[in-house]
Amino acid sequence: QGNIFTNRGLFIEVNKCIYCGNNERSLTNEHGIPLGLLPQGEPGLVLRNASCRSCAETTSAFERAVLQRLWQPARAGLGLRSYRKGRRPKSYPLTLIRNGSAEDVLLPLDQYPATMQFIEYPPPANLQGKSHKNGILTNASRLIQVAGPPLTEVAKKFSASSFQFENTFEGLTYERLLLKVAYCFAIATLGFEIFEKRYVLPSILG
């Protein structure tokens, strides 16, 4: 009840902060997938009145770190939503290896091979019957080109033998973003009241 599904997305009424439980009047909508990872005009999953101002500030901070810095070139290349589209850089740096030396070139967006780096994790230890004290275990890191001309074309144009891509993961902002997305979809699928304990909230809220 209260769920509205349209061809533009899924809207679910919550009327309580899904992070701290506050049911104050000044609640904001929570987007399960940040708007900056969606095409223009696509709201995706929207939990209505589901985040208080304080929690919204917390989640917005780590979202910005990922969207505006880590994945900005990829978002620009894919033409994803942005409140600052007019202020996006018109060109991006690429490090290529030519004649055994690293060289930086500045390429316009339509010529830039935009990539996104993803980290893969093993299942949570408690779901595998294992003990785990602290820290985050990883399985692999994958770099995927998502926009721009194929790297083979760029390599041929600049007579480059290879490329170097640098991605800066700030603190645990990437992991917190993943947790937030998964948590929102859990709320959308199962409801807010079903959980006896929300193990991921301390990590999401920092």
# chains A, B, ... in the order shown; residues from 1 in each chain; ligands from 1

call {"tool": "select_by_dssp", "arguments": {"residues": "range 56-166 of chain A", "states": "strand (DSSP E or B)", "output": "mmCIF file with all heavy atoms, in the first residue's frame"}}
result
data_model
loop_
_atom_site.group_PDB
_atom_site.id
_atom_site.type_symbol
_atom_site.label_atom_id
_atom_site.label_comp_id
_atom_site.auth_asym_id
_atom_site.auth_seq_id
_atom_site.Cartn_x
_atom_site.Cartn_y
_atom_site.Cartn_z
ATOM 1 N N SER A 91 37.406 18.620 -20.953
ATOM 2 C CA SER A 91 38.423 17.647 -21.344
ATOM 3 C C SER A 91 38.965 16.956 -20.106
ATOM 4 O O SER A 91 38.844 17.469 -18.984
ATOM 5 C CB SER A 91 39.555 18.332 -22.117
ATOM 6 O OG SER A 91 40.114 19.389 -21.348
ATOM 7 N N TYR A 92 39.578 15.785 -20.319
ATOM 8 C CA TYR A 92 40.056 14.965 -19.204
ATOM 9 C C TYR A 92 41.457 14.432 -19.511
ATOM 10 O O TYR A 92 41.776 14.127 -20.670
ATOM 11 C CB TYR A 92 39.094 13.803 -18.951
ATOM 12 C CG TYR A 92 37.735 14.255 -18.465
ATOM 13 C CD1 TYR A 92 36.726 14.580 -19.364
ATOM 14 C CD2 TYR A 92 37.469 14.381 -17.106
ATOM 15 C CE1 TYR A 92 35.479 15.010 -18.922
ATOM 16 C CE2 TYR A 92 36.231 14.807 -16.654
ATOM 17 C CZ TYR A 92 35.243 15.118 -17.557
ATOM 18 O OH TYR A 92 34.014 15.561 -17.124
ATOM 19 N N PRO A 93 42.300 14.273 -18.465
ATOM 20 C CA PRO A 93 43.670 13.808 -18.690
ATOM 21 C C PRO A 93 43.742 12.286 -18.837
ATOM 22 O O PRO A 93 43.016 11.549 -18.171
ATOM 23 C CB PRO A 93 44.392 14.267 -17.418
ATOM 24 C CG PRO A 93 43.324 14.279 -16.366
ATOM 25 C CD PRO A 93 42.059 14.666 -17.059
ATOM 26 N N LEU A 94 44.608 11.841 -19.716
ATOM 27 C CA LEU A 94 44.848 10.417 -19.920
ATOM 28 C C LEU A 94 46.350 10.191 -19.941
ATOM 29 O O LEU A 94 47.080 10.908 -20.624
ATOM 30 C CB LEU A 94 44.223 9.950 -21.234
ATOM 31 C CG LEU A 94 44.475 8.487 -21.618
ATOM 32 C CD1 LEU A 94 43.771 7.546 -20.643
ATOM 33 C CD2 LEU A 94 44.002 8.219 -23.047
ATOM 34 N N THR A 95 46.809 9.207 -19.178
ATOM 35 C CA THR A 95 48.230 8.865 -19.163
ATOM 36 C C THR A 95 48.467 7.702 -20.112
ATOM 37 O O THR A 95 47.895 6.628 -19.945
ATOM 38 C CB THR A 95 48.687 8.477 -17.749
ATOM 39 O OG1 THR A 95 48.437 9.562 -16.847
ATOM 40 C CG2 THR A 95 50.178 8.149 -17.734
ATOM 41 N N LEU A 96 49.270 7.938 -21.122
ATOM 42 C CA LEU A 96 49.593 6.881 -22.078
ATOM 43 C C LEU A 96 51.075 6.558 -22.016
ATOM 44 O O LEU A 96 51.903 7.387 -21.625
ATOM 45 C CB LEU A 96 49.169 7.278 -23.491
ATOM 46 C CG LEU A 96 49.637 8.636 -24.047
ATOM 47 C CD1 LEU A 96 50.998 8.496 -24.715
ATOM 48 C CD2 LEU A 96 48.621 9.166 -25.046
ATOM 49 N N ILE A 97 51.387 5.331 -22.350
ATOM 50 C CA ILE A 97 52.781 4.877 -22.378
ATOM 51 C C ILE A 97 53.218 4.836 -23.843
ATOM 52 O O ILE A 97 52.671 4.102 -24.657
ATOM 53 C CB ILE A 97 52.938 3.493 -21.734
ATOM 54 C CG1 ILE A 97 52.316 3.479 -20.336
ATOM 55 C CG2 ILE A 97 54.412 3.111 -21.673
ATOM 56 C CD1 ILE A 97 52.916 4.481 -19.378
ATOM 57 N N ARG A 98 54.214 5.684 -24.149
ATOM 58 C CA ARG A 98 54.701 5.784 -25.527
ATOM 59 C C ARG A 98 56.218 5.782 -25.502
ATOM 60 O O ARG A 98 56.843 6.547 -24.772
ATOM 61 C CB ARG A 98 54.159 7.061 -26.174
ATOM 62 C CG ARG A 98 54.522 7.228 -27.608
ATOM 63 C CD ARG A 98 53.621 8.234 -28.313
ATOM 64 N NE ARG A 98 53.506 9.512 -27.601
ATOM 65 C CZ ARG A 98 52.693 10.497 -27.997
ATOM 66 N NH1 ARG A 98 51.915 10.329 -29.050
ATOM 67 N NH2 ARG A 98 52.656 11.625 -27.330
ATOM 68 N N SER A 101 57.858 5.552 -22.071
ATOM 69 C CA SER A 101 57.708 6.636 -21.099
ATOM 70 C C SER A 101 56.232 6.995 -20.922
ATOM 71 O O SER A 101 55.434 6.900 -21.859
ATOM 72 C CB SER A 101 58.484 7.882 -21.545
ATOM 73 O OG SER A 101 59.857 7.593 -21.685
ATOM 74 N N ALA A 102 55.884 7.420 -19.704
ATOM 75 C CA ALA A 102 54.524 7.863 -19.415
ATOM 76 C C ALA A 102 54.354 9.305 -19.857
ATOM 77 O O ALA A 102 55.228 10.152 -19.638
ATOM 78 C CB ALA A 102 54.229 7.717 -17.929
ATOM 79 N N GLU A 103 53.242 9.583 -20.507
ATOM 80 C CA GLU A 103 52.983 10.923 -21.024
ATOM 81 C C GLU A 103 51.508 11.255 -20.822
ATOM 82 O O GLU A 103 50.627 10.448 -21.121
ATOM 83 C CB GLU A 103 53.335 10.973 -22.506
ATOM 84 C CG GLU A 103 53.156 12.326 -23.156
ATOM 85 C CD GLU A 103 53.539 12.307 -24.625
ATOM 86 O OE1 GLU A 103 54.247 11.356 -25.035
ATOM 87 O OE2 GLU A 103 53.135 13.222 -25.360
ATOM 88 N N ASP A 104 51.233 12.441 -20.293
ATOM 89 C CA ASP A 104 49.854 12.874 -20.069
ATOM 90 C C ASP A 104 49.353 13.705 -21.246
ATOM 91 O O ASP A 104 50.039 14.616 -21.707
ATOM 92 C CB ASP A 104 49.747 13.710 -18.790
ATOM 93 C CG ASP A 104 49.989 12.887 -17.534
ATOM 94 O OD1 ASP A 104 49.687 11.680 -17.569
ATOM 95 O OD2 ASP A 104 50.480 13.442 -16.537
ATOM 96 N N VAL A 105 48.152 13.352 -21.714
ATOM 97 C CA VAL A 105 47.508 14.127 -22.770
ATOM 98 C C VAL A 105 46.123 14.528 -22.285
ATOM 99 O O VAL A 105 45.515 13.846 -21.454
ATOM 100 C CB VAL A 105 47.393 13.327 -24.081
ATOM 101 C CG1 VAL A 105 48.763 13.032 -24.650
ATOM 102 C CG2 VAL A 105 46.611 12.039 -23.871
ATOM 103 N N LEU A 106 45.634 15.662 -22.768
ATOM 104 C CA LEU A 106 44.320 16.166 -22.392
ATOM 105 C C LEU A 106 43.384 15.965 -23.577
ATOM 106 O O LEU A 106 43.623 16.496 -24.668
ATOM 107 C CB LEU A 106 44.418 17.648 -22.019
ATOM 108 C CG LEU A 106 43.329 18.218 -21.112
ATOM 109 C CD1 LEU A 106 43.296 17.485 -19.782
ATOM 110 C CD2 LEU A 106 43.557 19.706 -20.890
ATOM 111 N N LEU A 107 42.320 15.180 -23.336
ATOM 112 C CA LEU A 107 41.413 14.834 -24.429
ATOM 113 C C LEU A 107 40.020 15.410 -24.190
ATOM 114 O O LEU A 107 39.513 15.386 -23.067
ATOM 115 C CB LEU A 107 41.295 13.310 -24.560
ATOM 116 C CG LEU A 107 42.584 12.540 -24.865
ATOM 117 C CD1 LEU A 107 42.292 11.047 -24.926
ATOM 118 C CD2 LEU A 107 43.192 13.018 -26.167
ATOM 119 N N PRO A 108 39.378 15.926 -25.263
ATOM 120 C CA PRO A 108 37.987 16.343 -25.115
ATOM 121 C C PRO A 108 37.111 15.143 -24.783
ATOM 122 O O PRO A 108 37.468 13.992 -25.079
ATOM 123 C CB PRO A 108 37.647 16.941 -26.487
ATOM 124 C CG PRO A 108 38.752 16.572 -27.387
ATOM 125 C CD PRO A 108 39.927 16.155 -26.579
ATOM 126 N N ALA A 114 36.395 6.788 -21.281
ATOM 127 C CA ALA A 114 36.004 6.840 -19.871
ATOM 128 C C ALA A 114 35.877 5.439 -19.282
ATOM 129 O O ALA A 114 35.324 4.534 -19.909
ATOM 130 C CB ALA A 114 34.681 7.589 -19.720
ATOM 131 N N THR A 115 36.398 5.277 -18.076
ATOM 132 C CA THR A 115 36.369 3.978 -17.405
ATOM 133 C C THR A 115 35.772 4.116 -16.005
ATOM 134 O O THR A 115 35.720 5.197 -15.433
ATOM 135 C CB THR A 115 37.782 3.385 -17.275
ATOM 136 O OG1 THR A 115 38.590 4.278 -16.478
ATOM 137 C CG2 THR A 115 38.427 3.190 -18.632
ATOM 138 N N MET A 116 35.304 2.992 -15.476
ATOM 139 C CA MET A 116 34.851 2.917 -14.089
ATOM 140 C C MET A 116 35.545 1.722 -13.445
ATOM 141 O O MET A 116 35.650 0.653 -14.054
ATOM 142 C CB MET A 116 33.329 2.751 -13.999
ATOM 143 C CG MET A 116 32.543 3.904 -14.594
ATOM 144 S SD MET A 116 30.745 3.656 -14.530
ATOM 145 C CE MET A 116 30.422 4.007 -12.802
ATOM 146 N N GLN A 117 36.025 1.930 -12.224
ATOM 147 C CA GLN A 117 36.674 0.840 -11.510
ATOM 148 C C GLN A 117 35.720 0.304 -10.458
ATOM 149 O O GLN A 117 35.100 1.061 -9.711
ATOM 150 C CB GLN A 117 37.974 1.299 -10.850
ATOM 151 C CG GLN A 117 38.754 0.144 -10.230
ATOM 152 C CD GLN A 117 40.160 0.541 -9.826
ATOM 153 O OE1 GLN A 117 40.514 1.713 -9.873
ATOM 154 N NE2 GLN A 117 40.971 -0.418 -9.439
ATOM 155 N N PHE A 118 35.598 -1.016 -10.414
ATOM 156 C CA PHE A 118 34.728 -1.683 -9.454
ATOM 157 C C PHE A 118 35.560 -2.647 -8.611
ATOM 158 O O PHE A 118 36.455 -3.319 -9.119
ATOM 159 C CB PHE A 118 33.617 -2.453 -10.159
ATOM 160 C CG PHE A 118 32.713 -1.588 -10.988
ATOM 161 C CD1 PHE A 118 32.969 -1.376 -12.336
ATOM 162 C CD2 PHE A 118 31.606 -0.985 -10.426
ATOM 163 C CE1 PHE A 118 32.142 -0.575 -13.108
ATOM 164 C CE2 PHE A 118 30.767 -0.182 -11.186
ATOM 165 C CZ PHE A 118 31.031 0.021 -12.530
ATOM 166 N N ILE A 119 35.246 -2.722 -7.332
ATOM 167 C CA ILE A 119 35.914 -3.648 -6.426
ATOM 168 C C ILE A 119 34.955 -4.788 -6.123
ATOM 169 O O ILE A 119 33.772 -4.564 -5.866
ATOM 170 C CB ILE A 119 36.339 -2.951 -5.120
ATOM 171 C CG1 ILE A 119 37.315 -1.808 -5.437
ATOM 172 C CG2 ILE A 119 36.983 -3.940 -4.162
ATOM 173 C CD1 ILE A 119 37.703 -0.992 -4.229
ATOM 174 N N GLU A 120 35.461 -6.006 -6.171
ATOM 175 C CA GLU A 120 34.648 -7.180 -5.865
ATOM 176 C C GLU A 120 34.998 -7.689 -4.467
ATOM 177 O O GLU A 120 36.166 -7.755 -4.082
ATOM 178 C CB GLU A 120 34.887 -8.278 -6.891
ATOM 179 C CG GLU A 120 34.441 -7.900 -8.302
ATOM 180 C CD GLU A 120 34.647 -9.020 -9.289
ATOM 181 O OE1 GLU A 120 35.061 -10.129 -8.867
ATOM 182 O OE2 GLU A 120 34.404 -8.809 -10.482
ATOM 183 N N ALA A 140 38.839 -8.843 -5.969
ATOM 184 C CA ALA A 140 39.435 -8.365 -7.214
ATOM 185 C C ALA A 140 39.053 -6.914 -7.452
ATOM 186 O O ALA A 140 38.168 -6.367 -6.790
ATOM 187 C CB ALA A 140 38.965 -9.223 -8.391
ATOM 188 N N SER A 141 39.732 -6.308 -8.390
ATOM 189 C CA SER A 141 39.412 -4.953 -8.840
ATOM 190 C C SER A 141 39.329 -4.988 -10.356
ATOM 191 O O SER A 141 40.226 -5.528 -11.021
ATOM 192 C CB SER A 141 40.486 -3.966 -8.389
ATOM 193 O OG SER A 141 40.234 -2.685 -8.924
ATOM 194 N N ARG A 142 38.251 -4.446 -10.900
ATOM 195 C CA ARG A 142 38.049 -4.517 -12.344
ATOM 196 C C ARG A 142 37.849 -3.121 -12.925
ATOM 197 O O ARG A 142 37.062 -2.341 -12.404
ATOM 198 C CB ARG A 142 36.852 -5.402 -12.679
ATOM 199 C CG ARG A 142 37.001 -6.825 -12.178
ATOM 200 C CD ARG A 142 35.880 -7.722 -12.661
ATOM 201 N NE ARG A 142 35.988 -9.058 -12.092
ATOM 202 C CZ ARG A 142 36.754 -10.030 -12.591
ATOM 203 N NH1 ARG A 142 37.475 -9.781 -13.686
ATOM 204 N NH2 ARG A 142 36.819 -11.217 -12.030
ATOM 205 N N LEU A 143 38.549 -2.838 -13.992
ATOM 206 C CA LEU A 143 38.436 -1.570 -14.703
ATOM 207 C C LEU A 143 37.677 -1.826 -16.002
ATOM 208 O O LEU A 143 38.092 -2.647 -16.821
ATOM 209 C CB LEU A 143 39.823 -0.994 -14.997
ATOM 210 C CG LEU A 143 39.861 0.444 -15.516
ATOM 211 C CD1 LEU A 143 39.471 1.414 -14.411
ATOM 212 C CD2 LEU A 143 41.237 0.777 -16.066
ATOM 213 N N ILE A 144 36.557 -1.120 -16.180
ATOM 214 C CA ILE A 144 35.689 -1.351 -17.330
ATOM 215 C C ILE A 144 35.491 -0.043 -18.079
ATOM 216 O O ILE A 144 35.129 0.968 -17.475
ATOM 217 C CB ILE A 144 34.327 -1.908 -16.883
ATOM 218 C CG1 ILE A 144 34.512 -3.226 -16.131
ATOM 219 C CG2 ILE A 144 33.401 -2.104 -18.078
ATOM 220 C CD1 ILE A 144 33.235 -3.775 -15.542
ATOM 221 N N GLN A 145 35.723 -0.073 -19.383
ATOM 222 C CA GLN A 145 35.459 1.117 -20.191
ATOM 223 C C GLN A 145 33.965 1.211 -20.449
ATOM 224 O O GLN A 145 33.320 0.251 -20.869
ATOM 225 C CB GLN A 145 36.215 1.079 -21.514
ATOM 226 C CG GLN A 145 36.010 2.359 -22.328
ATOM 227 C CD GLN A 145 36.776 2.377 -23.627
ATOM 228 O OE1 GLN A 145 37.524 1.457 -23.929
ATOM 229 N NE2 GLN A 145 36.592 3.435 -24.405
ATOM 230 N N VAL A 146 33.399 2.402 -20.211
ATOM 231 C CA VAL A 146 31.953 2.579 -20.326
ATOM 232 C C VAL A 146 31.562 3.594 -21.391
ATOM 233 O O VAL A 146 30.383 3.680 -21.763
ATOM 234 C CB VAL A 146 31.341 2.998 -18.972
ATOM 235 C CG1 VAL A 146 31.531 1.900 -17.935
ATOM 236 C CG2 VAL A 146 31.947 4.310 -18.482
ATOM 237 N N ALA A 147 32.482 4.387 -21.881
ATOM 238 C CA ALA A 147 32.146 5.419 -22.871
ATOM 239 C C ALA A 147 33.397 5.819 -23.641
ATOM 240 O O ALA A 147 34.525 5.512 -23.235
ATOM 241 C CB ALA A 147 31.530 6.643 -22.183
ATOM 242 N N SER A 162 50.315 1.292 -24.183
ATOM 243 C CA SER A 162 49.376 0.993 -23.100
ATOM 244 C C SER A 162 48.944 2.303 -22.444
ATOM 245 O O SER A 162 49.400 3.390 -22.824
ATOM 246 C CB SER A 162 50.011 0.057 -22.059
ATOM 247 O OG SER A 162 51.157 0.667 -21.472
ATOM 248 N N PHE A 163 48.066 2.173 -21.450
ATOM 249 C CA PHE A 163 47.545 3.335 -20.751
ATOM 250 C C PHE A 163 47.603 3.114 -19.254
ATOM 251 O O PHE A 163 47.666 1.980 -18.777
ATOM 252 C CB PHE A 163 46.082 3.606 -21.153
ATOM 253 C CG PHE A 163 45.882 3.812 -22.624
ATOM 254 C CD1 PHE A 163 45.577 2.741 -23.448
ATOM 255 C CD2 PHE A 163 45.990 5.076 -23.183
ATOM 256 C CE1 PHE A 163 45.397 2.920 -24.802
ATOM 257 C CE2 PHE A 163 45.810 5.264 -24.541
ATOM 258 C CZ PHE A 163 45.516 4.187 -25.353
ATOM 259 N N GLN A 164 47.570 4.207 -18.514
ATOM 260 C CA GLN A 164 47.477 4.141 -17.049
ATOM 261 C C GLN A 164 46.247 4.933 -16.601
ATOM 262 O O GLN A 164 46.041 6.063 -17.043
ATOM 263 C CB GLN A 164 48.729 4.718 -16.391
ATOM 264 C CG GLN A 164 49.988 3.881 -16.595
ATOM 265 C CD GLN A 164 51.198 4.508 -15.929
ATOM 266 O OE1 GLN A 164 51.142 5.633 -15.431
ATOM 267 N NE2 GLN A 164 52.302 3.782 -15.918
#

call {"tool": "residues_around", "arguments": {"residues": "Arg176 in chain A", "least_positions_apart": "5", "cutoff": "8 Å", "atoms": "only C-alpha atoms", "output": "number ranges by chain"}}
result
A: 62, 203-204

call {"tool": "select_by_dssp", "arguments": {"residues": "range 67-197 of chain A", "states": "alpha helix (DSSP H)", "output": "PyMOL selection string"}}
result
chain A and resi 72-78+151-158+173-190

call {"tool": "residues_around", "arguments": {"residues": "range 193-196 of chain A", "least_positions_apart": "6", "cutoff": "12 Å", "atoms": "only C-alpha atoms", "output": "MDAnalysis selection string"}}
result
chainID A and resid 14 16:18 21 183 186:187

call {"tool": "write_last_selection", "arguments": {"atoms": "N, CA, C and O atoms", "output": "compact mmCIF listing (two decimals), in the first residue's frame"}}
result
# COMPACT_ATOMS: atom_id res chain seq x y z
N VAL A 14 7.30 5.84 2.77
CA VAL A 14 7.92 5.33 3.99
C VAL A 14 7.50 6.17 5.20
O VAL A 14 7.06 5.66 6.22
N LYS A 16 9.24 7.82 7.34
CA LYS A 16 10.10 7.66 8.51
C LYS A 16 11.53 7.56 7.99
O LYS A 16 11.77 6.97 6.93
N CYS A 17 12.47 8.14 8.72
CA CYS A 17 13.86 8.04 8.28
C CYS A 17 14.31 6.59 8.36
O CYS A 17 14.27 5.98 9.43
N ILE A 18 14.75 6.04 7.25
CA ILE A 18 15.14 4.63 7.22
C ILE A 18 16.48 4.40 7.91
O ILE A 18 16.88 3.25 8.12
N GLY A 21 15.20 6.34 12.11
CA GLY A 21 13.85 6.12 12.58
C GLY A 21 13.07 7.39 12.88
O GLY A 21 11.91 7.32 13.30
N TYR A 183 20.75 -1.37 0.95
CA TYR A 183 19.81 -1.18 2.05
C TYR A 183 18.49 -0.60 1.55
O TYR A 183 17.40 -1.03 1.96
N ALA A 186 16.54 -3.27 -0.08
CA ALA A 186 15.99 -4.18 0.92
C ALA A 186 14.72 -3.60 1.55
O ALA A 186 13.73 -4.30 1.74
N ILE A 187 14.76 -2.31 1.86
CA ILE A 187 13.58 -1.64 2.41
C ILE A 187 12.44 -1.67 1.40
O ILE A 187 11.28 -1.94 1.73

call {"tool": "atom_distance", "arguments": {"atom1": "CA of Ala61 in chain A", "atom2": "CA of Glu166 in chain A"}}
result
21.7 Å

call {"tool": "atom_distance", "arguments": {"atom1": "CA of Lys90 in chain A", "atom2": "CA of Leu109 in chain A"}}
result
6.1 Å

call {"tool": "atom_distance", "arguments": {"atom1": "CA of Pro89 in chain A", "atom2": "CA of Gly171 in chain A"}}
result
24.4 Å

call {"tool": "closest_residue", "arguments": {"among": "A:Gln128, A:Gln68, A:Ser82, A:Thr59", "to": "Leu178 in chain A", "atoms": "only C-alpha atoms"}}
result
A:Thr59

call {"tool": "closest_residue", "arguments": {"among": "A:Leu47, A:Gln111, A:Leu177, A:Pro124", "to": "Lys157 in chain A", "atoms": "only C-alpha atoms"}}
result
A:Gln111

call {"tool": "residues_around", "arguments": {"residues": "Ala50 in chain A", "least_positions_apart": "3", "cutoff": "10 Å", "atoms": "only C-alpha atoms", "output": "PDB file with N, CA and C atoms, in the first residue's frame"}}
result
ATOM      1  N   ILE A  12       7.847   4.562  -3.332  1.00  0.00           N
ATOM      2  CA  ILE A  12       7.353   3.859  -2.155  1.00  0.00           C
ATOM      3  C   ILE A  12       7.247   4.822  -0.989  1.00  0.00           C
ATOM      4  N   GLU A  13       6.090   4.869  -0.357  1.00  0.00           N
ATOM      5  CA  GLU A  13       5.873   5.728   0.800  1.00  0.00           C
ATOM      6  C   GLU A  13       6.476   5.077   2.047  1.00  0.00           C
ATOM      7  N   VAL A  14       7.296   5.836   2.768  1.00  0.00           N
ATOM      8  CA  VAL A  14       7.918   5.329   3.992  1.00  0.00           C
ATOM      9  C   VAL A  14       7.496   6.173   5.196  1.00  0.00           C
ATOM     10  N   ASN A  15       7.662   7.507   5.077  1.00  0.00           N
ATOM     11  CA  ASN A  15       7.264   8.450   6.126  1.00  0.00           C
ATOM     12  C   ASN A  15       7.992   8.234   7.447  1.00  0.00           C
ATOM     13  N   LYS A  16       9.238   7.821   7.338  1.00  0.00           N
ATOM     14  CA  LYS A  16      10.105   7.656   8.506  1.00  0.00           C
ATOM     15  C   LYS A  16      11.528   7.559   7.991  1.00  0.00           C
ATOM     16  N   CYS A  17      12.466   8.137   8.715  1.00  0.00           N
ATOM     17  CA  CYS A  17      13.858   8.043   8.276  1.00  0.00           C
ATOM     18  C   CYS A  17      14.307   6.589   8.359  1.00  0.00           C
ATOM     19  N   ILE A  18      14.748   6.036   7.250  1.00  0.00           N
ATOM     20  CA  ILE A  18      15.140   4.629   7.221  1.00  0.00           C
ATOM     21  C   ILE A  18      16.479   4.397   7.909  1.00  0.00           C
ATOM     22  N   TYR A  19      17.164   5.480   8.283  1.00  0.00           N
ATOM     23  CA  TYR A  19      18.467   5.354   8.927  1.00  0.00           C
ATOM     24  C   TYR A  19      18.394   5.500  10.443  1.00  0.00           C
ATOM     25  N   CYS A  20      17.673   6.516  10.926  1.00  0.00           N
ATOM     26  CA  CYS A  20      17.610   6.748  12.372  1.00  0.00           C
ATOM     27  C   CYS A  20      16.213   6.554  12.947  1.00  0.00           C
ATOM     28  N   GLY A  21      15.204   6.344  12.110  1.00  0.00           N
ATOM     29  CA  GLY A  21      13.852   6.122  12.581  1.00  0.00           C
ATOM     30  C   GLY A  21      13.068   7.387  12.878  1.00  0.00           C
ATOM     31  N   ASN A  22      13.684   8.548  12.671  1.00  0.00           N
ATOM     32  CA  ASN A  22      13.014   9.820  12.949  1.00  0.00           C
ATOM     33  C   ASN A  22      11.801   9.983  12.027  1.00  0.00           C
ATOM     34  N   ASN A  23      10.690  10.410  12.588  1.00  0.00           N
ATOM     35  CA  ASN A  23       9.499  10.633  11.763  1.00  0.00           C
ATOM     36  C   ASN A  23       9.091  12.102  11.765  1.00  0.00           C
ATOM     37  N   SER A  26      10.032  17.248   8.358  1.00  0.00           N
ATOM     38  CA  SER A  26      10.913  17.687   7.263  1.00  0.00           C
ATOM     39  C   SER A  26      11.737  16.529   6.705  1.00  0.00           C
ATOM     40  N   LEU A  27      11.062  15.450   6.338  1.00  0.00           N
ATOM     41  CA  LEU A  27      11.742  14.317   5.729  1.00  0.00           C
ATOM     42  C   LEU A  27      11.903  14.558   4.228  1.00  0.00           C
ATOM     43  N   THR A  28      12.963  14.010   3.671  1.00  0.00           N
ATOM     44  CA  THR A  28      13.217  14.144   2.240  1.00  0.00           C
ATOM     45  C   THR A  28      13.109  12.778   1.568  1.00  0.00           C
ATOM     46  N   ASN A  29      12.968  12.786   0.263  1.00  0.00           N
ATOM     47  CA  ASN A  29      12.942  11.533  -0.487  1.00  0.00           C
ATOM     48  C   ASN A  29      14.346  10.950  -0.564  1.00  0.00           C
ATOM     49  N   GLU A  30      14.411   9.634  -0.550  1.00  0.00           N
ATOM     50  CA  GLU A  30      15.693   8.947  -0.681  1.00  0.00           C
ATOM     51  C   GLU A  30      15.684   8.164  -1.992  1.00  0.00           C
ATOM     52  N   HIS A  31      16.688   8.437  -2.830  1.00  0.00           N
ATOM     53  CA  HIS A  31      16.812   7.724  -4.101  1.00  0.00           C
ATOM     54  C   HIS A  31      17.689   6.494  -3.891  1.00  0.00           C
ATOM     55  N   VAL A  46      12.509   5.420  -5.653  1.00  0.00           N
ATOM     56  CA  VAL A  46      12.381   6.570  -4.763  1.00  0.00           C
ATOM     57  C   VAL A  46      11.617   6.150  -3.515  1.00  0.00           C
ATOM     58  N   LEU A  47      12.277   6.263  -2.359  1.00  0.00           N
ATOM     59  CA  LEU A  47      11.617   6.044  -1.075  1.00  0.00           C
ATOM     60  C   LEU A  47      11.154   7.408  -0.590  1.00  0.00           C
ATOM     61  N   CYS A  55      20.609  12.716   8.393  1.00  0.00           N
ATOM     62  CA  CYS A  55      21.059  11.514   7.682  1.00  0.00           C
ATOM     63  C   CYS A  55      21.244  11.800   6.194  1.00  0.00           C
ATOM     64  N   ALA A  56      20.410  12.689   5.645  1.00  0.00           N
ATOM     65  CA  ALA A  56      20.558  13.056   4.233  1.00  0.00           C
ATOM     66  C   ALA A  56      21.899  13.736   3.988  1.00  0.00           C
ATOM     67  N   CYS A 184      18.555   0.378   0.643  1.00  0.00           N
ATOM     68  CA  CYS A 184      17.330   0.973   0.090  1.00  0.00           C
ATOM     69  C   CYS A 184      16.508  -0.061  -0.660  1.00  0.00           C
TER      70      CYS A 184
END
